[in-house]
file query37.txt (compact mmCIF, C-alpha atoms)
# COMPACT_ATOMS: atom_id res chain seq x y z
CA MET A 1 -59.62 -143.58 -231.00
CA VAL A 2 -62.79 -142.60 -229.15
CA ASN A 3 -62.45 -141.81 -225.46
CA SER A 4 -64.61 -143.73 -223.02
CA PRO A 5 -67.45 -141.73 -221.47
CA GLY A 6 -66.38 -140.13 -218.19
CA ARG A 7 -62.71 -140.95 -218.78
CA PRO A 8 -60.37 -137.94 -219.06
CA THR A 9 -58.55 -137.42 -222.34
CA GLU A 10 -54.78 -137.78 -222.39
CA ASN A 11 -54.41 -133.99 -222.23
CA GLU A 12 -56.85 -133.70 -219.32
CA GLY A 13 -55.02 -136.50 -217.55
CA ASP A 14 -51.73 -134.64 -217.97
CA ILE A 15 -53.25 -131.45 -216.55
CA LEU A 16 -54.58 -133.42 -213.57
CA ARG A 17 -51.17 -135.02 -212.98
CA ARG A 18 -49.45 -131.65 -213.03
CA ALA A 19 -52.12 -130.07 -210.80
CA LYS A 20 -51.68 -132.85 -208.24
CA ALA A 21 -47.93 -132.23 -208.26
CA VAL A 22 -48.61 -128.57 -207.40
CA ALA A 23 -51.09 -129.39 -204.62
CA GLU A 24 -48.83 -132.07 -203.11
CA LEU A 25 -46.11 -129.50 -202.44
CA ARG A 26 -48.26 -128.41 -199.50
CA ASP A 27 -46.99 -131.51 -197.65
CA VAL A 28 -43.35 -130.76 -198.46
CA LEU A 29 -42.81 -127.09 -197.72
CA ARG A 30 -41.80 -125.80 -194.31
CA VAL A 31 -40.10 -122.47 -194.97
CA SER A 32 -40.30 -119.03 -193.41
CA VAL A 33 -42.67 -116.69 -195.21
CA ASP A 34 -41.64 -113.42 -193.59
CA ASP A 35 -42.49 -110.38 -195.72
CA VAL A 36 -44.19 -112.46 -198.42
CA ALA A 37 -47.78 -111.41 -197.71
CA PRO A 38 -48.64 -107.86 -198.82
CA PRO A 39 -48.72 -105.23 -196.05
CA VAL A 40 -52.39 -104.43 -196.66
CA SER A 41 -55.58 -106.41 -197.24
CA ASP A 42 -58.14 -103.98 -198.68
CA MET A 43 -58.75 -104.00 -202.42
CA LEU A 44 -57.53 -100.51 -203.28
CA GLY A 45 -54.50 -100.78 -201.01
CA LEU A 46 -53.52 -104.07 -202.65
CA LEU A 47 -53.85 -102.58 -206.12
CA ILE A 48 -51.64 -99.62 -205.22
CA TYR A 49 -49.09 -101.86 -203.50
CA ASP A 50 -48.87 -104.10 -206.56
CA ILE A 51 -48.16 -101.09 -208.77
CA LEU A 52 -45.25 -100.23 -206.49
CA ASN A 53 -44.13 -103.87 -206.32
CA GLN A 54 -43.91 -104.45 -210.08
CA LYS A 55 -40.28 -105.05 -211.14
CA THR A 56 -39.13 -103.87 -207.71
CA VAL A 57 -37.47 -105.58 -204.76
CA ALA A 58 -40.24 -106.45 -202.30
CA THR A 59 -38.52 -104.80 -199.33
CA THR A 60 -38.24 -101.54 -201.26
CA ALA A 61 -41.90 -101.68 -202.27
CA ARG A 62 -42.91 -102.22 -198.63
CA THR A 63 -40.87 -99.27 -197.45
CA VAL A 64 -42.22 -97.00 -200.17
CA PHE A 65 -45.82 -98.13 -199.57
CA ALA A 66 -45.46 -97.41 -195.83
CA ALA A 67 -44.10 -93.95 -196.62
CA LEU A 68 -46.97 -93.30 -199.03
CA VAL A 69 -49.61 -94.28 -196.46
CA GLY A 70 -47.84 -92.23 -193.81
CA ARG A 71 -47.87 -89.13 -196.02
CA PHE A 72 -51.42 -89.64 -197.36
CA PRO A 73 -53.45 -91.57 -194.73
CA THR A 74 -56.59 -91.77 -196.89
CA TRP A 75 -57.02 -92.54 -200.57
CA THR A 76 -58.94 -89.30 -201.09
CA GLU A 77 -55.91 -87.37 -199.80
CA LEU A 78 -53.72 -89.32 -202.19
CA LEU A 79 -56.07 -88.52 -205.07
CA ALA A 80 -56.05 -84.81 -204.18
CA ALA A 81 -52.25 -84.67 -203.94
CA SER A 82 -50.12 -83.28 -206.73
CA ALA A 83 -48.20 -85.71 -208.91
CA GLU A 84 -44.97 -84.07 -207.76
CA ASP A 85 -45.78 -84.76 -204.08
CA ILE A 86 -46.48 -88.43 -204.82
CA GLU A 87 -43.32 -88.77 -206.88
CA GLU A 88 -41.31 -87.29 -204.02
CA VAL A 89 -42.57 -90.01 -201.67
CA ILE A 90 -42.14 -92.97 -204.04
CA HIS A 91 -38.96 -91.93 -205.85
CA ALA A 92 -36.95 -94.76 -204.23
CA ASP A 93 -39.18 -97.29 -205.99
CA GLY A 94 -38.08 -96.20 -209.45
CA LEU A 95 -40.23 -95.02 -212.38
CA ALA A 96 -41.84 -92.57 -209.95
CA HIS A 97 -43.49 -90.37 -212.59
CA ARG A 98 -45.20 -93.29 -214.32
CA ARG A 99 -46.25 -95.01 -211.09
CA ALA A 100 -47.66 -91.79 -209.59
CA ALA A 101 -49.82 -91.25 -212.68
CA ARG A 102 -51.06 -94.86 -212.62
CA ILE A 103 -51.93 -94.68 -208.93
CA GLN A 104 -54.03 -91.55 -209.40
CA GLN A 105 -55.73 -92.96 -212.50
CA LEU A 106 -56.59 -96.09 -210.54
CA ILE A 107 -58.03 -94.20 -207.57
CA THR A 108 -60.03 -91.90 -209.87
CA ARG A 109 -61.67 -94.87 -211.59
CA ILE A 110 -62.43 -96.79 -208.38
CA VAL A 111 -63.83 -93.74 -206.59
CA ALA A 112 -66.13 -93.22 -209.58
CA ASP A 113 -67.26 -96.86 -209.43
CA PHE A 114 -67.63 -96.98 -205.62
CA PRO A 115 -68.42 -93.44 -204.39
CA ASP A 116 -69.08 -94.63 -200.83
CA GLY A 117 -65.51 -95.93 -200.57
CA THR A 118 -66.51 -99.51 -199.70
CA PHE A 119 -66.30 -102.63 -201.81
CA GLU A 120 -68.65 -104.90 -199.90
CA THR A 121 -70.91 -105.43 -202.91
CA LEU A 122 -68.04 -107.25 -204.64
CA ASN A 123 -68.26 -110.02 -202.04
CA ASP A 124 -71.40 -111.24 -203.80
CA TRP A 125 -69.70 -111.40 -207.20
CA GLU A 126 -68.32 -114.56 -208.79
CA ASP A 127 -64.54 -114.86 -209.00
CA SER A 128 -64.62 -114.41 -212.77
CA ALA A 129 -66.68 -111.22 -212.48
CA ILE A 130 -64.31 -109.67 -209.92
CA ARG A 131 -61.33 -110.67 -212.03
CA SER A 132 -62.88 -109.15 -215.14
CA TYR A 133 -63.60 -105.89 -213.32
CA LEU A 134 -60.10 -105.66 -211.86
CA THR A 135 -58.28 -106.35 -215.12
CA GLY A 136 -60.34 -103.60 -216.72
CA LEU A 137 -58.80 -101.06 -214.35
CA PRO A 138 -55.73 -98.97 -215.28
CA ALA A 139 -52.39 -100.78 -214.78
CA VAL A 140 -53.99 -103.95 -213.36
CA GLY A 141 -52.91 -107.26 -214.87
CA ASP A 142 -54.11 -110.75 -214.17
CA PRO A 143 -51.52 -111.60 -211.45
CA THR A 144 -52.58 -108.48 -209.52
CA ALA A 145 -56.25 -109.40 -209.90
CA GLN A 146 -55.51 -112.87 -208.53
CA HIS A 147 -53.64 -111.34 -205.57
CA VAL A 148 -56.69 -109.25 -204.76
CA LEU A 149 -59.01 -112.26 -205.02
CA LEU A 150 -56.84 -114.20 -202.57
CA TYR A 151 -55.99 -111.50 -200.04
CA ALA A 152 -58.90 -109.03 -200.15
CA PHE A 153 -61.74 -111.48 -200.80
CA GLY A 154 -60.30 -114.72 -199.40
CA ARG A 155 -61.14 -116.70 -202.53
CA PRO A 156 -59.62 -120.22 -202.79
CA ILE A 157 -57.22 -119.58 -205.65
CA LEU A 158 -53.48 -119.89 -206.34
CA PRO A 159 -52.22 -116.78 -208.13
CA LEU A 160 -49.98 -117.66 -211.06
CA THR A 161 -47.24 -115.01 -210.88
CA TRP A 162 -44.14 -114.75 -213.07
CA THR A 163 -42.09 -115.75 -210.03
CA LEU A 164 -44.04 -118.98 -209.64
CA LYS A 165 -43.92 -119.68 -213.38
CA ARG A 166 -40.13 -119.67 -213.12
CA LEU A 167 -40.23 -121.99 -210.11
CA PHE A 168 -42.65 -124.48 -211.67
CA THR A 169 -40.83 -124.47 -214.99
CA ARG A 170 -37.64 -125.47 -213.20
CA LEU A 171 -39.49 -128.07 -211.17
CA GLY A 172 -40.67 -129.53 -214.47
CA ILE A 173 -44.37 -129.19 -213.62
CA ILE A 174 -45.11 -126.64 -216.34
CA ASP A 175 -43.43 -125.89 -219.66
CA HIS A 176 -44.17 -123.92 -222.82
CA THR A 177 -46.68 -126.56 -223.93
CA ALA A 178 -48.53 -126.82 -220.60
CA ARG A 179 -51.83 -125.04 -219.99
CA SER A 180 -50.51 -123.32 -216.87
CA GLU A 181 -53.69 -121.45 -216.02
CA GLU A 182 -55.78 -124.62 -216.05
CA ILE A 183 -53.18 -126.46 -213.98
CA PHE A 184 -53.28 -123.84 -211.24
CA VAL A 185 -57.08 -123.62 -211.25
CA LEU A 186 -57.33 -127.38 -210.82
CA ALA A 187 -54.57 -127.41 -208.18
CA ALA A 188 -56.51 -124.80 -206.20
CA ALA A 189 -59.61 -126.99 -206.39
CA LEU A 190 -57.63 -129.94 -205.00
CA LEU A 191 -56.42 -128.04 -201.93
CA PRO A 192 -58.28 -128.04 -198.58
CA ARG A 193 -60.16 -124.80 -198.02
CA GLY A 194 -58.10 -122.30 -196.09
CA SER A 195 -54.74 -123.62 -197.28
CA HIS A 196 -54.37 -121.59 -200.47
CA ARG A 197 -52.78 -118.50 -198.97
CA THR A 198 -50.27 -120.55 -196.96
CA LEU A 199 -49.17 -122.60 -199.98
CA PHE A 200 -48.93 -119.53 -202.19
CA GLU A 201 -46.75 -117.75 -199.64
CA GLN A 202 -44.56 -120.84 -199.10
CA LEU A 203 -44.01 -121.22 -202.85
CA THR A 204 -43.29 -117.51 -203.27
CA ALA A 205 -40.77 -117.66 -200.43
CA VAL A 206 -38.97 -120.61 -202.07
CA ALA A 207 -38.91 -118.82 -205.43
CA ARG A 208 -37.48 -115.65 -203.90
CA LEU A 209 -34.99 -117.25 -201.50
CA TYR A 210 -33.70 -120.15 -203.59
CA CYS A 211 -35.09 -120.31 -207.14
CA ARG A 212 -33.73 -116.94 -208.16
CA PRO A 213 -33.54 -115.89 -211.83
CA ARG A 214 -29.74 -115.99 -211.73
CA ALA A 215 -27.50 -118.20 -209.61
CA PRO A 216 -30.31 -120.20 -207.98
CA ARG A 217 -29.44 -121.66 -204.59
CA CYS A 218 -30.31 -125.19 -205.58
CA ARG A 219 -28.39 -127.01 -202.86
CA GLN A 220 -30.26 -125.14 -200.10
CA CYS A 221 -33.70 -125.45 -201.71
CA PRO A 222 -36.26 -127.69 -199.94
CA LEU A 223 -37.65 -128.86 -203.30
CA THR A 224 -34.56 -130.56 -204.75
CA ALA A 225 -36.20 -134.01 -204.56
CA ASN A 226 -39.03 -132.70 -206.78
CA CYS A 227 -36.93 -130.63 -209.16
CA THR A 228 -36.02 -131.43 -212.77
CA TYR A 229 -33.62 -128.48 -212.93
CA TYR A 230 -31.73 -129.73 -209.87
CA ARG A 231 -31.42 -133.26 -211.23
CA ARG A 232 -30.18 -131.92 -214.55
CA HIS A 233 -27.55 -129.58 -213.08
CA HIS A 234 -26.66 -131.08 -209.71
CA GLY A 235 -27.88 -134.69 -209.79
CA PRO A 236 -25.85 -137.77 -208.79
CA ARG A 237 -24.67 -138.51 -212.37
CA LEU A 238 -22.98 -135.13 -212.57
CA LEU A 239 -21.14 -135.86 -209.33
CA THR A 240 -19.97 -139.35 -210.28
CA ASN A 241 -19.52 -139.26 -214.06
CA PRO A 242 -16.17 -137.57 -214.92
CA HIS A 243 -17.40 -136.88 -218.48
CA ALA A 244 -20.77 -135.35 -217.55
CA ARG A 245 -19.51 -131.77 -217.81
CA ARG A 246 -17.57 -132.42 -221.06
CA ARG A 247 -18.70 -130.33 -224.00
CA PRO A 248 -20.48 -132.28 -226.76
CA GLY A 249 -18.02 -133.52 -229.41
CA ARG A 250 -14.99 -132.91 -227.24
CA PRO A 251 -12.91 -136.02 -226.40
CA ALA A 252 -12.47 -137.02 -222.79
CA ALA A 253 -9.10 -136.31 -221.22
CA LYS A 254 -6.81 -139.30 -221.28
CA ARG A 255 -5.52 -140.63 -218.02
CA PRO A 256 -1.74 -140.57 -217.70
CA THR A 257 -0.12 -143.96 -218.19
CA ALA A 258 2.21 -145.38 -215.59
call {"tool": "encode", "arguments": {"input": "query37.txt", "output": "structure tokens"}}
result
Amino acid sequence: MVNSPGRPTENEGDILRRAKAVAELRDVLRVSVDDVAPPVSDMLGLLIYDILNQKTVATTARTVFAALVGRFPTWTELLAASAEDIEEVIHADGLAHRRAARIQQLITRIVADFPDGTFETLNDWEDSAIRSYLTGLPAVGDPTAQHVLLYAFGRPILPLTWTLKRLFTRLGIIDHTARSEEIFVLAAALLPRGSHRTLFEQLTAVARLYCRPRAPRCRQCPLTANCTYYRRHHGPRLLTNPHARRRPGRPAAKRPTA
């Protein structure tokens, strides 16, 4: 079958449907976003904070980052510090030796690329160029690059973090067959300018507070009406059907006769 000119293919239509479902959550969410935004907004600070925040509780990362900035107020001081001094400050974050080395490698590279210590020239770069530069830096992955684009450069994007992948998989908006990256790019394009950071922080708050990896708090979540996982595990049929929780192949319990 040949597609009509200008008409999206079935796959493109599915991506658009999923992207709209992401963007429409903006009209649903009203949750507190305390401590969701990073505690810094400059590029290098964000990169260092994300190194500390990887596989770490966010409150711990914030505390450790504040201690690091308090001990080394400028990045040049941090670069000149010994690895042992840095490890002493960030030891509560875990993997201190590895993180200290990555932080100094990162600063060394960026100082070499931007000797004047400012990153204003990057404001004229396209999103893809900034993203390519950032992911070429030591210990910087794509989620971190997207964070920097959103918070340091104010670009209208929705970062696709592992936390949000879990949330949207449970919502049923993305799955292993979905082109998640394209869905989020299109969803960002559908949002009004200036709303991307708010939606990202709202979604991150929901994922952290309710859609946790283990024992998710489904009944308190504001997205139950939109959630496939909730309907599967807590929906009306499970509450009314006495056989819904019966194991496959196991006979239902007989009612006692009078």
call {"tool": "residues_around", "arguments": {"input": "query37.txt", "residues": "segment 34-49 of chain A", "least_positions_apart": "2", "cutoff": "7 Å", "atoms": "all atoms listed in the file", "output": "PyMOL selection string"}}
result
chain A and resi 32+51-53+65+103+144+148+151-152+201+205
call {"tool": "residues_around", "arguments": {"input": "query37.txt", "residues": "Gln104 of chain A", "least_positions_apart": "5", "cutoff": "10 Å", "atoms": "only C-alpha atoms", "output": "ChimeraX atom specification"}}
result
/A:48,75-76,78-83,86,99,109-110,138
call {"tool": "atom_distance", "arguments": {"input": "query37.txt", "atom1": "atom CA of Glu88 of chain A", "atom2": "atom CA of Gly70 of chain A"}}
result
13.1 Å
call {"tool": "atom_distance", "arguments": {"input": "query37.txt", "atom1": "atom CA of Ala23 of chain A", "atom2": "atom CA of Arg231 of chain A"}}
result
21.1 Å
call {"tool": "atom_distance", "arguments": {"input": "query37.txt", "atom1": "atom CA of Val140 of chain A", "atom2": "atom CA of Gln105 of chain A"}}
result
11.2 Å
call {"tool": "closest_residue", "arguments": {"input": "query37.txt", "among": "A:His97, A:Gln54, A:Ala92, A:Asp27", "to": "Ala67 of chain A", "atoms": "all atoms listed in the file"}}
result
A:Ala92
call {"tool": "residues_around", "arguments": {"input": "query37.txt", "residues": "Thr121 of chain A", "least_positions_apart": "6", "cutoff": "12 Å", "atoms": "all atoms listed in the file", "output": "short mmCIF file (atom, residue, chain, number, x, y, z; two decimals) with C-alpha atoms, keeping the file's coordinate frame"}}
result
data_model
loop_
_atom_site.label_atom_id
_atom_site.label_comp_id
_atom_site.auth_asym_id
_atom_site.auth_seq_id
_atom_site.Cartn_x
_atom_site.Cartn_y
_atom_site.Cartn_z
CA ASP A 113 -67.26 -96.86 -209.43
CA PHE A 114 -67.63 -96.98 -205.62
CA ALA A 129 -66.68 -111.22 -212.48
CA ILE A 130 -64.31 -109.67 -209.92
CA PHE A 153 -61.74 -111.48 -200.80
#
call {"tool": "residues_near_point", "arguments": {"input": "query37.txt", "point": "(-51.3, -124.4, -212.2)", "cutoff": "9 Å", "atoms": "only C-alpha atoms", "output": "PyMOL selection string"}}
result
chain A and resi 15+18-19+22+158-160+165+168+173-174+179-188
call {"tool": "write_last_selection", "arguments": {"input": "query37.txt", "atoms": "C-alpha atoms", "output": "CSV table (one decimal), keeping the file's coordinate frame"}}
result
chain,number,residue,atom,x,y,z
A,15,ILE,CA,-53.2,-131.4,-216.6
A,18,ARG,CA,-49.4,-131.6,-213.0
A,19,ALA,CA,-52.1,-130.1,-210.8
A,22,VAL,CA,-48.6,-128.6,-207.4
A,158,LEU,CA,-53.5,-119.9,-206.3
A,159,PRO,CA,-52.2,-116.8,-208.1
A,160,LEU,CA,-50.0,-117.7,-211.1
A,165,LYS,CA,-43.9,-119.7,-213.4
A,168,PHE,CA,-42.6,-124.5,-211.7
A,173,ILE,CA,-44.4,-129.2,-213.6
A,174,ILE,CA,-45.1,-126.6,-216.3
A,179,ARG,CA,-51.8,-125.0,-220.0
A,180,SER,CA,-50.5,-123.3,-216.9
A,181,GLU,CA,-53.7,-121.4,-216.0
A,182,GLU,CA,-55.8,-124.6,-216.0
A,183,ILE,CA,-53.2,-126.5,-214.0
A,184,PHE,CA,-53.3,-123.8,-211.2
A,185,VAL,CA,-57.1,-123.6,-211.2
A,186,LEU,CA,-57.3,-127.4,-210.8
A,187,ALA,CA,-54.6,-127.4,-208.2
A,188,ALA,CA,-56.5,-124.8,-206.2
call {"tool": "axis_aligned_box", "arguments": {"input": "query37.txt", "around": "segment 16-30 of chain A", "padding_each_side": "8 Å", "output": "AutoDock Vina command-line options"}}
result
--center_x -48.2 --center_y -130.4 --center_z -203.9 --size_x 28.8 --size_y 25.2 --size_z 35.3
call {"tool": "closest_residue", "arguments": {"input": "query37.txt", "among": "A:Thr74, A:Leu25, A:Pro156, A:Asn226", "to": "Leu203 of chain A", "atoms": "all atoms listed in the file"}}
result
A:Leu25
call {"tool": "residues_around", "arguments": {"input": "query37.txt", "residues": "Thr161 of chain A", "least_positions_apart": "4", "cutoff": "10 Å", "atoms": "all atoms listed in the file", "output": "short mmCIF file (atom, residue, chain, number, x, y, z; two decimals) with C-alpha atoms, in the frame of the given file"}}
result
data_model
loop_
_atom_site.label_atom_id
_atom_site.label_comp_id
_atom_site.auth_asym_id
_atom_site.auth_seq_id
_atom_site.Cartn_x
_atom_site.Cartn_y
_atom_site.Cartn_z
CA ASP A 142 -54.11 -110.75 -214.17
CA PRO A 143 -51.52 -111.60 -211.45
CA THR A 144 -52.58 -108.48 -209.52
CA GLN A 146 -55.51 -112.87 -208.53
CA HIS A 147 -53.64 -111.34 -205.57
CA LYS A 165 -43.92 -119.68 -213.38
CA ARG A 166 -40.13 -119.67 -213.12
CA LEU A 167 -40.23 -121.99 -210.11
CA PHE A 200 -48.93 -119.53 -202.19
CA THR A 204 -43.29 -117.51 -203.27
#
call {"tool": "closest_residue", "arguments": {"input": "query37.txt", "among": "A:Gly154, A:His91, A:Gly13, A:Lys55", "to": "Arg197 of chain A", "atoms": "only C-alpha atoms"}}
result
A:Gly154
call {"tool": "decode", "arguments": {"input": "query37.txt", "residues": "segment 116-224 of chain A", "atoms": "C-alpha atoms", "output": "compact mmCIF listing (two decimals), in the first residue's frame"}}
result
# COMPACT_ATOMS: atom_id res chain seq x y z
CA ASP A 116 38.52 32.29 29.48
CA GLY A 117 36.15 30.30 31.71
CA THR A 118 32.98 31.41 29.91
CA PHE A 119 30.70 29.44 27.65
CA GLU A 120 28.83 32.26 25.94
CA THR A 121 29.93 31.17 22.47
CA LEU A 122 27.88 27.98 22.92
CA ASN A 123 24.69 30.05 22.95
CA ASP A 124 25.08 30.45 19.19
CA TRP A 125 25.39 26.71 18.60
CA GLU A 126 22.56 24.45 17.45
CA ASP A 127 21.16 22.02 20.01
CA SER A 128 22.68 19.06 18.17
CA ALA A 129 26.13 20.68 18.15
CA ILE A 130 26.05 21.39 21.89
CA ARG A 131 24.82 17.88 22.57
CA SER A 132 27.58 16.39 20.44
CA TYR A 133 30.24 18.44 22.24
CA LEU A 134 28.92 17.54 25.69
CA THR A 135 28.67 13.81 25.04
CA GLY A 136 32.27 13.89 23.84
CA LEU A 137 33.40 15.00 27.30
CA PRO A 138 34.60 12.53 29.96
CA ALA A 139 31.77 10.85 31.94
CA VAL A 140 29.00 12.78 30.15
CA GLY A 141 26.10 10.77 28.76
CA ASP A 142 23.11 11.86 26.76
CA PRO A 143 20.75 12.46 29.74
CA THR A 144 23.34 14.79 31.29
CA ALA A 145 23.77 16.62 27.98
CA GLN A 146 20.00 17.11 27.79
CA HIS A 147 19.95 18.44 31.36
CA VAL A 148 22.56 21.02 30.41
CA LEU A 149 20.64 22.04 27.28
CA LEU A 150 17.50 22.61 29.36
CA TYR A 151 18.94 24.28 32.45
CA ALA A 152 22.11 26.04 31.28
CA PHE A 153 20.98 27.09 27.81
CA GLY A 154 17.19 27.19 28.23
CA ARG A 155 16.56 25.08 25.13
CA PRO A 156 12.98 23.79 24.64
CA ILE A 157 13.64 20.10 25.18
CA LEU A 158 12.38 17.30 27.46
CA PRO A 159 15.32 15.27 28.78
CA LEU A 160 14.67 11.54 28.52
CA THR A 161 16.16 10.20 31.77
CA TRP A 162 16.06 6.61 33.02
CA THR A 163 13.63 7.77 35.71
CA LEU A 164 11.21 9.08 33.10
CA LYS A 165 11.62 5.98 30.94
CA ARG A 166 10.37 3.93 33.89
CA LEU A 167 7.43 6.29 34.40
CA PHE A 168 6.38 6.35 30.74
CA THR A 169 6.78 2.61 30.36
CA ARG A 170 4.36 2.08 33.23
CA LEU A 171 2.01 4.69 31.83
CA GLY A 172 2.01 2.67 28.61
CA ILE A 173 3.23 5.57 26.45
CA ILE A 174 6.55 3.97 25.56
CA ASP A 175 7.67 0.34 25.38
CA HIS A 176 10.59 -1.65 24.02
CA THR A 177 9.31 -1.18 20.47
CA ALA A 178 8.69 2.58 20.73
CA ARG A 179 11.15 5.12 19.36
CA SER A 180 11.40 6.92 22.70
CA GLU A 181 13.84 9.59 21.59
CA GLU A 182 11.63 10.65 18.68
CA ILE A 183 8.55 10.67 20.91
CA PHE A 184 10.16 13.06 23.38
CA VAL A 185 11.55 15.32 20.65
CA LEU A 186 8.11 15.63 19.11
CA ALA A 187 6.45 16.10 22.51
CA ALA A 188 8.84 18.98 23.22
CA ALA A 189 7.89 20.55 19.89
CA LEU A 190 4.20 20.35 20.85
CA LEU A 191 4.65 22.19 24.15
CA PRO A 192 4.27 25.98 24.52
CA ARG A 193 7.62 27.71 24.79
CA GLY A 194 8.69 28.15 28.39
CA SER A 195 6.78 25.13 29.70
CA HIS A 196 9.43 22.45 29.15
CA ARG A 197 11.29 22.86 32.42
CA THR A 198 8.07 22.88 34.46
CA LEU A 199 6.74 19.70 32.83
CA PHE A 200 10.09 17.94 33.15
CA GLU A 201 10.28 18.77 36.85
CA GLN A 202 6.64 17.75 37.44
CA LEU A 203 7.21 14.39 35.73
CA THR A 204 10.46 13.82 37.61
CA ALA A 205 8.71 14.58 40.90
CA VAL A 206 5.97 12.05 40.12
CA ALA A 207 8.53 9.41 39.17
CA ARG A 208 10.51 9.94 42.37
CA LEU A 209 7.59 10.30 44.79
CA TYR A 210 5.17 7.72 43.42
CA CYS A 211 6.48 5.69 40.47
CA ARG A 212 9.40 4.23 42.37
CA PRO A 213 11.35 1.23 41.03
CA ARG A 214 10.05 -0.96 43.85
CA ALA A 215 6.73 -0.71 45.69
CA PRO A 216 5.34 2.18 43.62
CA ARG A 217 2.75 4.30 45.41
CA CYS A 218 0.12 3.85 42.76
CA ARG A 219 -2.91 4.79 44.83
CA GLN A 220 -1.43 8.21 45.69
CA CYS A 221 -0.17 8.95 42.17
CA PRO A 222 -1.91 11.79 40.25
CA LEU A 223 -1.57 9.86 36.97
CA THR A 224 -3.64 6.77 37.78
